[in-house]
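Beneath this line is the structure, given in structure tokens, with notes to follow.
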Protein chains: 2
Amino acid sequence: MLQNTDIYETLKYRLMTNGFAHGQKVRAEHLRQEFGCSASTIREVLFRLSTLGLVEFRDQRGFRVPEKSAEVVNELTHMRVLLEAEGTAMSIRLGGIAWEAQLTAAHHQLSHLEMRLQTADDKAPFVDLWFAAEKQFHETLISACGSDSLRGLHHQIYCRFRQQLMVEDRAFDFISNNIRHHQQILDAALSGDEALTRQKIHDHLARHLLATA
Amino acid sequence: MLQNTDIYETLKYRLMTNGFAHGQKVRAEHLRQEFGCSASTIREVLFRLSTLGLVEFRDQRGFRVPEKSAEVVNELTHMRVLLEAEGTAMSIRLGGIAWEAQLTAAHHQLSHLEMRLQTADDKAPFVDLWFAAEKQFHETLISACGSDSLRGLHHQIYCRFRQQLMVEDRAFDFISNNIRHHQQILDAALSGDEALTRQKIHDHLARHLLATA
DNA sequence: TTTTCTTGAAATTTCGAGATTTTGTGATTT
DNA sequence: AAATCACAAAATCTCGAAATTTCAAGAAAA
């Protein structure tokens with residue numbers, strides 16, 4: 001039978017990748033059957049996920065997937081830029097060769113996938129792979145920052161960001177810009193230019209920012 | 001009987017203000033009696049608090065208050081500076097007169113308290129009041145930033161920061177510097193100088209940062 | 001002495017039944 | 001038509017007992 005932690009990871013992944021529709025109720029009583037456990041166990045897991053922001057909890061009315069919202073995407077993007085720029089700058093200072101190698105590897109994998117995505121007719125088989133590779137690349141950027149707190153905050157924000165955007169990202173019409181952006185971020189990071197790297201991270205995510213007055 | 005939400009707030013406050021010792025186990029079975037409810041109810045609350053980082057959860061070995069750690073304080077301080085500086089800069093742009101008034105009020109209250117603290121022999125009666133006023137001032141700084149996400153992250157970090165430092169802060173030997181710092185932050189914010197405000201927020205918290213190589 | 005094994009006690013986790021609260025439907029009133 | 005109310009159905013929440021796992025202390029083996 002699935003362990004508590006497995007249920008947590010499974011539901012987290014499903015929530016991040018829009019396995020549940022926005023606004024949909026998430027009923028412990030239903031999931032109970034799928035996971036072969038009691039509703040209380042699911043309830044515990046959902047409480048944990050609610051503090052991450054992947055489900056919303058309201059007293060006496062259960063759990064629900066957050067609605068899609070341009071305003072929220074704007075906020076989450078802003079936080080991603082803030083945290084990724086800072087974390088990457090720290091990684092540049094602290095990471096050394098090992099980090100550069102990891103980042104290059106992560107970029108290589110992502111880049112390869114995005115090239116194929118660009119020409120593929122049916123993008124569907126690539127969705128999960130791309131999702132994992134893009135996550136890996138952005139996590140690697142900040143992986144050598146030396147701060148669990150920063151990585152933790154970024155992880156939280158990244159999960160919610162994906163949850164908000166996974167639906168529309170499935171079209172992959174941004175893909176050719178993305179290839180260029182990821183390359184520019186990699187180049188800037190390897191060159192050790194903190195300010196440029198920050199700028200490129202911002203540019204990469206800028207399309208999700210609302211134009212401010 | 002206490003509602004679920006009240007238990008959450010009560011335990012959160014107690015964890016933030018060192019009502020539990022660092023490293024101490026937090027047993028649902030014990031708290032059950034104090035709150036007059038079942039262990040499961042406490043368990044739910046602790047799961048929620050664990051995602052905030054105020055208690056650590058490990059599979060099959062329950063909940064435990066995080067240990068005190070200079071490294072963690074350093075990280076949390078760094079995140080506070082990052083988030084408060086950004087949030088305050090946004091508040092300066094968006095807040096308007098109403099925000100300036102609230103900030104002035106919050107500072108007035110804090111300042112009054114810190115003056116009295118400075119001369120008081122027995123600081124104990126002031127601890128809770130100071131705690132509330134200091135929290136209020138720093139939350140007001142970012143209150144007009146317009147981003148629930150930023151406020152949420154800051155709240156999380158602030159709670160953990162307090163939990164780490166509440167013990168030693170009870171001595172209040174930093175109080176005269178604090179009075180000056182808070183004044184400088186207020187002045188900078190009211191003058192509308194974003195860069196200066198960021199700098200003053202950094203300076204205020206700098207004593208908690210480890211000297212980096 | 002140090003390590004491994006055994007075993008009982010204690011802590012944690014799971015579970016489903018019953019209590020409570022919300023939600024949906026349709027009748028009644030304004 | 002809109003608002004209020006009553007009531008049944010459904011969903012949520014609470015609870016303590018049972019099952020499982022960890023912990024601690026002493027015995028046995030290396």
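Letters A, B, ... go to the chains of the structure tokens in the order shown; residues in each chain start at 1; ligands are counted from 1 in the same order.
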For chain A against chain D, with a cut-off of 12 Å and counting only C-alpha atoms (C1' of nucleotides), what is the closest atom pair and its distance in Å to one decimal for every residue that makes the cut, ordered by chain and number, as JSON lines?
```
{"residue": "A:Lys25", "atom": "CA", "partner": "D:DA11", "partner_atom": "C1'", "distance": 11.2}
{"residue": "A:Val26", "atom": "CA", "partner": "D:DA11", "partner_atom": "C1'", "distance": 11.6}
{"residue": "A:Arg27", "atom": "CA", "partner": "D:DA11", "partner_atom": "C1'", "distance": 8.9}
{"residue": "A:Ala28", "atom": "CA", "partner": "D:DT12", "partner_atom": "C1'", "distance": 9.8}
{"residue": "A:Glu29", "atom": "CA", "partner": "D:DA11", "partner_atom": "C1'", "distance": 9.0}
{"residue": "A:His30", "atom": "CA", "partner": "D:DA11", "partner_atom": "C1'", "distance": 11.2}
{"residue": "A:Ala39", "atom": "CA", "partner": "D:DT12", "partner_atom": "C1'", "distance": 10.6}
{"residue": "A:Ser40", "atom": "CA", "partner": "D:DC13", "partner_atom": "C1'", "distance": 9.9}
{"residue": "A:Arg43", "atom": "CA", "partner": "D:DT12", "partner_atom": "C1'", "distance": 10.5}
{"residue": "A:Phe57", "atom": "CA", "partner": "D:DT12", "partner_atom": "C1'", "distance": 11.8}
{"residue": "A:Arg58", "atom": "CA", "partner": "D:DT12", "partner_atom": "C1'", "distance": 10.7}
{"residue": "A:Asp59", "atom": "CA", "partner": "D:DT12", "partner_atom": "C1'", "distance": 8.9}
{"residue": "A:Gln60", "atom": "CA", "partner": "D:DT12", "partner_atom": "C1'", "distance": 5.7}
{"residue": "A:Arg61", "atom": "CA", "partner": "D:DT12", "partner_atom": "C1'", "distance": 6.7}
{"residue": "A:Gly62", "atom": "CA", "partner": "D:DT12", "partner_atom": "C1'", "distance": 6.8}
{"residue": "A:Phe63", "atom": "CA", "partner": "D:DT12", "partner_atom": "C1'", "distance": 10.2}
```
- Message: Applying 10 Å and only C-alpha atoms (C1' of nucleotides), which residues near region 126-134 of chain B remain after dropping the ones on its own chain fewer than 2 positions away? List them as a ChimeraX atom specification.
- Response: /B:17,106-114,116-117,120,122-124,136-140,162,166,169-172,182
Return as JSON lines the residues of chain B lying at most 7 Å from chain A, together with the closest atom-to-atom pair for each and the distance in Å to one decimal, counting only C-alpha atoms, with rows in chain order and ascending residue number.
```
{"residue": "B:Glu44", "atom": "CA", "partner": "A:Glu44", "partner_atom": "CA", "distance": 6.0}
{"residue": "B:Phe47", "atom": "CA", "partner": "A:Arg48", "partner_atom": "CA", "distance": 5.8}
{"residue": "B:Arg48", "atom": "CA", "partner": "A:Arg48", "partner_atom": "CA", "distance": 5.5}
{"residue": "B:Thr51", "atom": "CA", "partner": "A:Thr51", "partner_atom": "CA", "distance": 5.8}
{"residue": "B:Leu52", "atom": "CA", "partner": "A:Thr51", "partner_atom": "CA", "distance": 6.9}
{"residue": "B:Glu75", "atom": "CA", "partner": "A:Ser147", "partner_atom": "CA", "distance": 6.0}
{"residue": "B:Leu76", "atom": "CA", "partner": "A:Ser149", "partner_atom": "CA", "distance": 6.7}
{"residue": "B:Met79", "atom": "CA", "partner": "A:Leu150", "partner_atom": "CA", "distance": 7.0}
{"residue": "B:Ser147", "atom": "CA", "partner": "A:Glu75", "partner_atom": "CA", "distance": 6.0}
{"residue": "B:Ser149", "atom": "CA", "partner": "A:Glu75", "partner_atom": "CA", "distance": 6.2}
{"residue": "B:Leu150", "atom": "CA", "partner": "A:Met79", "partner_atom": "CA", "distance": 6.9}
```
Kindly assemble as a Markdown table a list of the chain C residues that lie within 12 Å of chain A, each paired with its nearest atom pair and their distance in Å to one decimal, using only C-alpha atoms (C1' of nucleotides), sorted first by chain and then by ascending residue number.
```
| residue | atom | partner | partner_atom | distance |
| --- | --- | --- | --- | --- |
| C:DT13 | C1' | A:Thr41 | CA | 8.9 |
| C:DT14 | C1' | A:Ser38 | CA | 7.2 |
| C:DC15 | C1' | A:Ser38 | CA | 6.0 |
| C:DG16 | C1' | A:Ser38 | CA | 7.9 |
| C:DT20 | C1' | A:Gln60 | CA | 9.6 |
| C:DT21 | C1' | A:Gln60 | CA | 6.7 |
| C:DT22 | C1' | A:Arg61 | CA | 7.2 |
| C:DT23 | C1' | A:Arg61 | CA | 9.9 |
```
Generate a file of the selected residues that holds N, CA and C atoms (P, O5', C5', C4', C3', O3' and C1' of nucleotides), formatted as a CSV table (one decimal), in the first residue's frame.
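Written file, again_14.csv:
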```
chain,number,residue,atom,x,y,z
C,13,DT,P,3.6,9.7,12.7
C,13,DT,O5',2.4,8.7,12.2
C,13,DT,C5',2.8,7.4,11.7
C,13,DT,C4',1.5,6.6,11.5
C,13,DT,C3',0.5,7.3,10.6
C,13,DT,O3',0.4,6.5,9.4
C,13,DT,C1',-0.5,6.2,12.5
C,14,DT,P,-0.7,6.9,8.2
C,14,DT,O5',-1.9,5.9,8.5
C,14,DT,C5',-1.6,4.6,8.7
C,14,DT,C4',-2.9,3.9,9.1
C,14,DT,C3',-4.1,4.2,8.2
C,14,DT,O3',-4.7,3.0,7.7
C,14,DT,C1',-4.7,4.5,10.5
C,15,DC,P,-5.7,3.1,6.5
C,15,DC,O5',-7.1,3.0,7.3
C,15,DC,C5',-7.2,1.9,8.3
C,15,DC,C4',-8.4,2.2,9.1
C,15,DC,C3',-9.7,2.7,8.4
C,15,DC,O3',-10.6,1.6,8.3
C,15,DC,C1',-9.3,3.8,10.5
C,16,DG,P,-11.7,1.6,7.1
C,16,DG,O5',-13.0,1.7,7.9
C,16,DG,C5',-13.3,1.0,9.0
C,16,DG,C4',-14.3,1.8,9.9
C,16,DG,C3',-15.5,2.3,9.2
C,16,DG,O3',-16.6,2.2,10.1
C,16,DG,C1',-14.4,4.1,10.2
C,20,DT,P,-23.2,16.8,18.0
C,20,DT,O5',-22.7,17.7,16.8
C,20,DT,C5',-21.3,18.0,16.6
C,20,DT,C4',-21.1,18.7,15.3
C,20,DT,C3',-22.0,19.9,15.0
C,20,DT,O3',-21.2,21.0,14.8
C,20,DT,C1',-21.8,18.4,13.1
C,21,DT,P,-21.9,22.5,14.6
C,21,DT,O5',-21.8,22.7,13.0
C,21,DT,C5',-20.5,22.6,12.4
C,21,DT,C4',-20.7,22.6,10.9
C,21,DT,C3',-21.6,23.7,10.4
C,21,DT,O3',-20.8,24.5,9.6
C,21,DT,C1',-22.2,21.6,9.4
C,22,DT,P,-21.4,25.8,8.7
C,22,DT,O5',-21.6,25.1,7.3
C,22,DT,C5',-20.5,24.6,6.6
C,22,DT,C4',-21.0,23.9,5.4
C,22,DT,C3',-21.7,24.8,4.3
C,22,DT,O3',-21.0,24.6,3.1
C,22,DT,C1',-23.0,22.9,4.8
C,23,DT,P,-21.4,25.5,1.8
C,23,DT,O5',-22.4,24.6,1.0
C,23,DT,C5',-22.0,23.3,0.7
C,23,DT,C4',-23.1,22.5,0.0
C,23,DT,C3',-23.9,23.4,-1.1
C,23,DT,O3',-24.0,22.6,-2.2
C,23,DT,C1',-25.4,22.5,0.4
```
- Step one, run DSSP on the backbone; step two, keep only residues of region 44-165 of chain A assigned to helix (DSSP H, G or I); then write them as a VMD selection string. chain A and resid 44 to 52 70 to 94 96 to 119 124 to 141 148 to 165
Chain B superposed on chain A over all ordered C-alpha pairs, least squares: can you write that as a JSON list (two decimals) with C-alpha atoms, in the first residue's frame?
```json
[["chain", "number", "residue", "atom", "x", "y", "z"],
["B", 1, "MET", "CA", -0.01, -0.05, 0.01],
["B", 2, "LEU", "CA", 1.11, 3.49, -0.70],
["B", 3, "GLN", "CA", 2.92, 5.24, 2.11],
["B", 4, "ASN", "CA", 1.85, 8.59, 3.42],
["B", 5, "THR", "CA", 4.82, 10.28, 1.77],
["B", 6, "ASP", "CA", 4.06, 8.71, -1.59],
["B", 7, "ILE", "CA", 0.50, 9.98, -1.43],
["B", 8, "TYR", "CA", 1.88, 13.43, -0.67],
["B", 9, "GLU", "CA", 4.21, 13.38, -3.67],
["B", 10, "THR", "CA", 1.59, 11.89, -5.97],
["B", 11, "LEU", "CA", -1.02, 14.49, -5.12],
["B", 12, "LYS", "CA", 1.52, 17.30, -5.22],
["B", 13, "TYR", "CA", 2.57, 16.30, -8.73],
["B", 14, "ARG", "CA", -1.00, 15.96, -9.84],
["B", 15, "LEU", "CA", -1.90, 19.37, -8.46],
["B", 16, "MET", "CA", 1.15, 21.00, -10.08],
["B", 17, "THR", "CA", 0.47, 19.49, -13.48],
["B", 18, "ASN", "CA", -3.25, 20.19, -13.52],
["B", 19, "GLY", "CA", -4.38, 16.67, -12.86],
["B", 20, "PHE", "CA", -7.22, 18.50, -11.12],
["B", 21, "ALA", "CA", -9.09, 21.34, -12.81],
["B", 22, "HIS", "CA", -8.84, 24.83, -11.37],
["B", 23, "GLY", "CA", -11.57, 25.49, -8.84],
["B", 24, "GLN", "CA", -12.38, 21.80, -8.52],
["B", 25, "LYS", "CA", -13.08, 20.40, -5.09],
["B", 26, "VAL", "CA", -10.60, 17.86, -3.83],
["B", 27, "ARG", "CA", -12.49, 15.37, -1.70],
["B", 28, "ALA", "CA", -10.60, 13.18, 0.69],
["B", 29, "GLU", "CA", -13.48, 10.72, 0.61],
["B", 30, "HIS", "CA", -13.03, 10.16, -3.15],
["B", 31, "LEU", "CA", -9.24, 9.92, -3.18],
["B", 32, "ARG", "CA", -9.48, 7.49, -0.30],
["B", 33, "GLN", "CA", -10.61, 4.78, -2.67],
["B", 34, "GLU", "CA", -7.92, 5.44, -5.26],
["B", 35, "PHE", "CA", -5.14, 5.25, -2.70],
["B", 36, "GLY", "CA", -6.69, 2.49, -0.63],
["B", 37, "CYS", "CA", -6.53, 4.32, 2.67],
["B", 38, "SER", "CA", -8.82, 6.24, 4.96],
["B", 39, "ALA", "CA", -10.08, 9.76, 4.38],
["B", 40, "SER", "CA", -8.13, 11.00, 7.41],
["B", 41, "THR", "CA", -4.86, 10.04, 5.80],
["B", 42, "ILE", "CA", -5.72, 11.98, 2.65],
["B", 43, "ARG", "CA", -6.88, 14.85, 4.79],
["B", 44, "GLU", "CA", -3.50, 15.07, 6.48],
["B", 45, "VAL", "CA", -1.76, 15.18, 3.14],
["B", 46, "LEU", "CA", -4.09, 17.87, 1.85],
["B", 47, "PHE", "CA", -3.41, 19.98, 4.91],
["B", 48, "ARG", "CA", 0.27, 19.81, 4.16],
["B", 49, "LEU", "CA", -0.29, 20.77, 0.55],
["B", 50, "SER", "CA", -2.57, 23.60, 1.59],
["B", 51, "THR", "CA", 0.23, 25.40, 3.38],
["B", 52, "LEU", "CA", 2.22, 25.20, 0.15],
["B", 53, "GLY", "CA", -0.68, 26.89, -1.59],
["B", 54, "LEU", "CA", -1.41, 24.02, -3.97],
["B", 55, "VAL", "CA", -4.87, 23.53, -2.48],
["B", 56, "GLU", "CA", -6.98, 25.99, -0.54],
["B", 57, "PHE", "CA", -8.53, 24.91, 2.72],
["B", 58, "ARG", "CA", -11.58, 26.56, 4.22],
["B", 59, "ASP", "CA", -13.02, 25.60, 7.56],
["B", 60, "GLN", "CA", -15.95, 23.22, 7.23],
["B", 61, "ARG", "CA", -15.90, 23.34, 3.44],
["B", 62, "GLY", "CA", -12.92, 21.25, 2.57],
["B", 63, "PHE", "CA", -10.20, 21.58, -0.01],
["B", 64, "ARG", "CA", -10.31, 23.16, -3.44],
["B", 65, "VAL", "CA", -7.83, 23.78, -6.26],
["B", 66, "PRO", "CA", -7.02, 27.52, -6.56],
["B", 67, "GLU", "CA", -8.58, 29.31, -9.51],
["B", 68, "LYS", "CA", -6.47, 30.51, -12.39],
["B", 69, "SER", "CA", -5.68, 34.19, -12.05],
["B", 70, "ALA", "CA", -3.58, 36.60, -14.09],
["B", 71, "GLU", "CA", -2.92, 38.61, -10.95],
["B", 72, "VAL", "CA", -1.58, 35.57, -9.10],
["B", 73, "VAL", "CA", 0.61, 34.62, -12.06],
["B", 74, "ASN", "CA", 2.01, 38.13, -12.02],
["B", 75, "GLU", "CA", 2.82, 37.90, -8.32],
["B", 76, "LEU", "CA", 4.32, 34.45, -8.54],
["B", 77, "THR", "CA", 6.46, 35.49, -11.50],
["B", 78, "HIS", "CA", 7.70, 38.48, -9.57],
["B", 79, "MET", "CA", 8.68, 36.22, -6.68],
["B", 80, "ARG", "CA", 10.35, 33.76, -9.03],
["B", 81, "VAL", "CA", 12.46, 36.52, -10.55],
["B", 82, "LEU", "CA", 13.39, 37.83, -7.11],
["B", 83, "LEU", "CA", 14.35, 34.44, -5.72],
["B", 84, "GLU", "CA", 15.92, 32.90, -8.81],
["B", 85, "ALA", "CA", 18.01, 35.99, -9.52],
["B", 86, "GLU", "CA", 19.26, 36.12, -5.95],
["B", 87, "GLY", "CA", 19.82, 32.36, -5.72],
["B", 88, "THR", "CA", 21.63, 32.19, -9.03],
["B", 89, "ALA", "CA", 23.88, 35.11, -8.11],
["B", 90, "MET", "CA", 24.80, 33.25, -4.91],
["B", 91, "SER", "CA", 25.39, 30.05, -6.86],
["B", 92, "ILE", "CA", 27.73, 31.92, -9.19],
["B", 93, "ARG", "CA", 29.76, 33.03, -6.17],
["B", 94, "LEU", "CA", 29.68, 29.72, -4.30],
["B", 95, "GLY", "CA", 29.04, 26.98, -6.82],
["B", 96, "GLY", "CA", 32.38, 26.40, -8.46],
["B", 97, "ILE", "CA", 33.10, 23.94, -11.23],
["B", 98, "ALA", "CA", 30.76, 21.28, -9.93],
["B", 99, "TRP", "CA", 27.78, 23.60, -10.13],
["B", 100, "GLU", "CA", 28.76, 24.81, -13.59],
["B", 101, "ALA", "CA", 28.93, 21.21, -14.74],
["B", 102, "GLN", "CA", 25.51, 20.39, -13.30],
["B", 103, "LEU", "CA", 24.00, 23.48, -14.84],
["B", 104, "THR", "CA", 25.48, 22.68, -18.22],
["B", 105, "ALA", "CA", 24.13, 19.16, -17.98],
["B", 106, "ALA", "CA", 20.67, 20.33, -16.99],
["B", 107, "HIS", "CA", 20.65, 22.84, -19.82],
["B", 108, "HIS", "CA", 21.82, 20.27, -22.33],
["B", 109, "GLN", "CA", 18.97, 17.97, -21.44],
["B", 110, "LEU", "CA", 16.39, 20.74, -21.53],
["B", 111, "SER", "CA", 17.75, 22.19, -24.73],
["B", 112, "HIS", "CA", 17.69, 18.83, -26.49],
["B", 113, "LEU", "CA", 14.09, 18.34, -25.50],
["B", 114, "GLU", "CA", 13.02, 21.82, -26.53],
["B", 115, "MET", "CA", 14.62, 21.41, -29.96],
["B", 116, "ARG", "CA", 12.59, 18.29, -30.56],
["B", 117, "LEU", "CA", 9.47, 19.92, -29.17],
["B", 118, "GLN", "CA", 9.84, 22.78, -31.61],
["B", 119, "THR", "CA", 9.44, 20.53, -34.62],
["B", 120, "ALA", "CA", 7.12, 17.89, -33.21],
["B", 121, "ASP", "CA", 3.55, 17.85, -34.44],
["B", 122, "ASP", "CA", 2.12, 16.16, -31.39],
["B", 123, "LYS", "CA", 3.60, 17.83, -28.31],
["B", 124, "ALA", "CA", 1.67, 15.64, -25.87],
["B", 125, "PRO", "CA", 4.30, 12.92, -25.37],
["B", 126, "PHE", "CA", 6.85, 15.59, -24.43],
["B", 127, "VAL", "CA", 4.85, 17.45, -21.83],
["B", 128, "ASP", "CA", 5.96, 15.45, -18.80],
["B", 129, "LEU", "CA", 9.55, 15.28, -19.94],
["B", 130, "TRP", "CA", 9.72, 19.00, -20.64],
["B", 131, "PHE", "CA", 8.10, 19.75, -17.32],
["B", 132, "ALA", "CA", 10.73, 17.72, -15.47],
["B", 133, "ALA", "CA", 13.64, 19.15, -17.45],
["B", 134, "GLU", "CA", 12.55, 22.77, -17.12],
["B", 135, "LYS", "CA", 12.06, 22.27, -13.37],
["B", 136, "GLN", "CA", 15.48, 20.67, -13.12],
["B", 137, "PHE", "CA", 17.19, 23.52, -14.97],
["B", 138, "HIS", "CA", 15.68, 26.26, -12.83],
["B", 139, "GLU", "CA", 16.33, 24.35, -9.62],
["B", 140, "THR", "CA", 19.93, 23.77, -10.64],
["B", 141, "LEU", "CA", 20.38, 27.50, -11.15],
["B", 142, "ILE", "CA", 19.86, 28.10, -7.45],
["B", 143, "SER", "CA", 21.10, 24.73, -6.21],
["B", 144, "ALA", "CA", 24.48, 26.05, -5.04],
["B", 145, "CYS", "CA", 23.14, 29.12, -3.27],
["B", 146, "GLY", "CA", 23.82, 27.54, 0.10],
["B", 147, "SER", "CA", 20.46, 28.52, 1.57],
["B", 148, "ASP", "CA", 17.83, 25.88, 2.23],
["B", 149, "SER", "CA", 15.45, 28.69, 3.07],
["B", 150, "LEU", "CA", 15.84, 30.30, -0.33],
["B", 151, "ARG", "CA", 15.47, 26.97, -2.10],
["B", 152, "GLY", "CA", 12.40, 26.19, -0.02],
["B", 153, "LEU", "CA", 10.68, 29.45, -0.86],
["B", 154, "HIS", "CA", 11.54, 29.07, -4.51],
["B", 155, "HIS", "CA", 10.18, 25.56, -4.59],
["B", 156, "GLN", "CA", 6.91, 26.74, -3.12],
["B", 157, "ILE", "CA", 6.54, 29.54, -5.61],
["B", 158, "TYR", "CA", 7.60, 27.38, -8.52],
["B", 159, "CYS", "CA", 4.99, 24.74, -7.71],
["B", 160, "ARG", "CA", 2.20, 27.31, -7.62],
["B", 161, "PHE", "CA", 3.52, 28.96, -10.78],
["B", 162, "ARG", "CA", 3.38, 25.65, -12.64],
["B", 163, "GLN", "CA", -0.07, 24.95, -11.33],
["B", 164, "GLN", "CA", -1.25, 28.27, -12.72],
["B", 165, "LEU", "CA", 0.41, 27.92, -16.11],
["B", 166, "MET", "CA", 0.57, 24.23, -16.94],
["B", 167, "VAL", "CA", -2.68, 24.33, -18.89],
["B", 168, "GLU", "CA", -1.74, 27.01, -21.36],
["B", 169, "ASP", "CA", 1.91, 25.98, -21.50],
["B", 170, "ARG", "CA", 0.83, 22.74, -23.14],
["B", 171, "ALA", "CA", 0.61, 24.58, -26.45],
["B", 172, "PHE", "CA", 4.35, 25.40, -26.34],
["B", 173, "ASP", "CA", 4.05, 28.40, -28.63],
["B", 174, "PHE", "CA", 6.71, 30.12, -26.52],
["B", 175, "ILE", "CA", 9.22, 27.38, -27.22],
["B", 176, "SER", "CA", 11.59, 29.12, -29.64],
["B", 177, "ASN", "CA", 11.96, 32.13, -27.36],
["B", 178, "ASN", "CA", 12.51, 29.77, -24.47],
["B", 179, "ILE", "CA", 15.38, 28.04, -26.18],
["B", 180, "ARG", "CA", 17.10, 31.37, -26.66],
["B", 181, "HIS", "CA", 16.39, 32.51, -23.10],
["B", 182, "HIS", "CA", 17.69, 29.38, -21.48],
["B", 183, "GLN", "CA", 20.85, 29.61, -23.56],
["B", 184, "GLN", "CA", 21.36, 33.22, -22.55],
["B", 185, "ILE", "CA", 20.87, 32.42, -18.88],
["B", 186, "LEU", "CA", 23.37, 29.58, -19.12],
["B", 187, "ASP", "CA", 25.95, 31.72, -20.92],
["B", 188, "ALA", "CA", 25.57, 34.59, -18.48],
["B", 189, "ALA", "CA", 25.86, 32.27, -15.48],
["B", 190, "LEU", "CA", 28.94, 30.51, -16.82],
["B", 191, "SER", "CA", 30.57, 33.85, -17.60],
["B", 192, "GLY", "CA", 30.19, 34.74, -13.93],
["B", 193, "ASP", "CA", 28.41, 38.01, -14.67],
["B", 194, "GLU", "CA", 25.87, 38.31, -11.86],
["B", 195, "ALA", "CA", 24.11, 41.41, -13.11],
["B", 196, "LEU", "CA", 23.72, 40.04, -16.62],
["B", 197, "THR", "CA", 22.42, 36.74, -15.26],
["B", 198, "ARG", "CA", 19.83, 38.53, -13.13],
["B", 199, "GLN", "CA", 18.76, 40.47, -16.19],
["B", 200, "LYS", "CA", 18.42, 37.35, -18.35],
["B", 201, "ILE", "CA", 16.37, 35.57, -15.70],
["B", 202, "HIS", "CA", 14.08, 38.57, -15.58],
["B", 203, "ASP", "CA", 13.77, 38.70, -19.36],
["B", 204, "HIS", "CA", 12.98, 34.99, -19.51],
["B", 205, "LEU", "CA", 10.01, 35.36, -17.20],
["B", 206, "ALA", "CA", 8.94, 38.86, -18.24],
["B", 207, "ARG", "CA", 6.16, 37.61, -20.53],
["B", 208, "HIS", "CA", 4.22, 36.51, -17.45],
["B", 209, "LEU", "CA", 4.41, 39.93, -15.81],
["B", 210, "LEU", "CA", 1.53, 42.33, -16.20],
["B", 211, "ALA", "CA", 2.51, 45.67, -17.66],
["B", 212, "THR", "CA", 2.56, 48.00, -14.65],
["B", 213, "ALA", "CA", 1.30, 51.55, -14.81]]
```
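Here the strand (DSSP E) residues in region 17-208 of chain A, by DSSP on the backbone, are Lys25, Val26, Glu56, Phe57, Phe63 and Arg64 of chain A.
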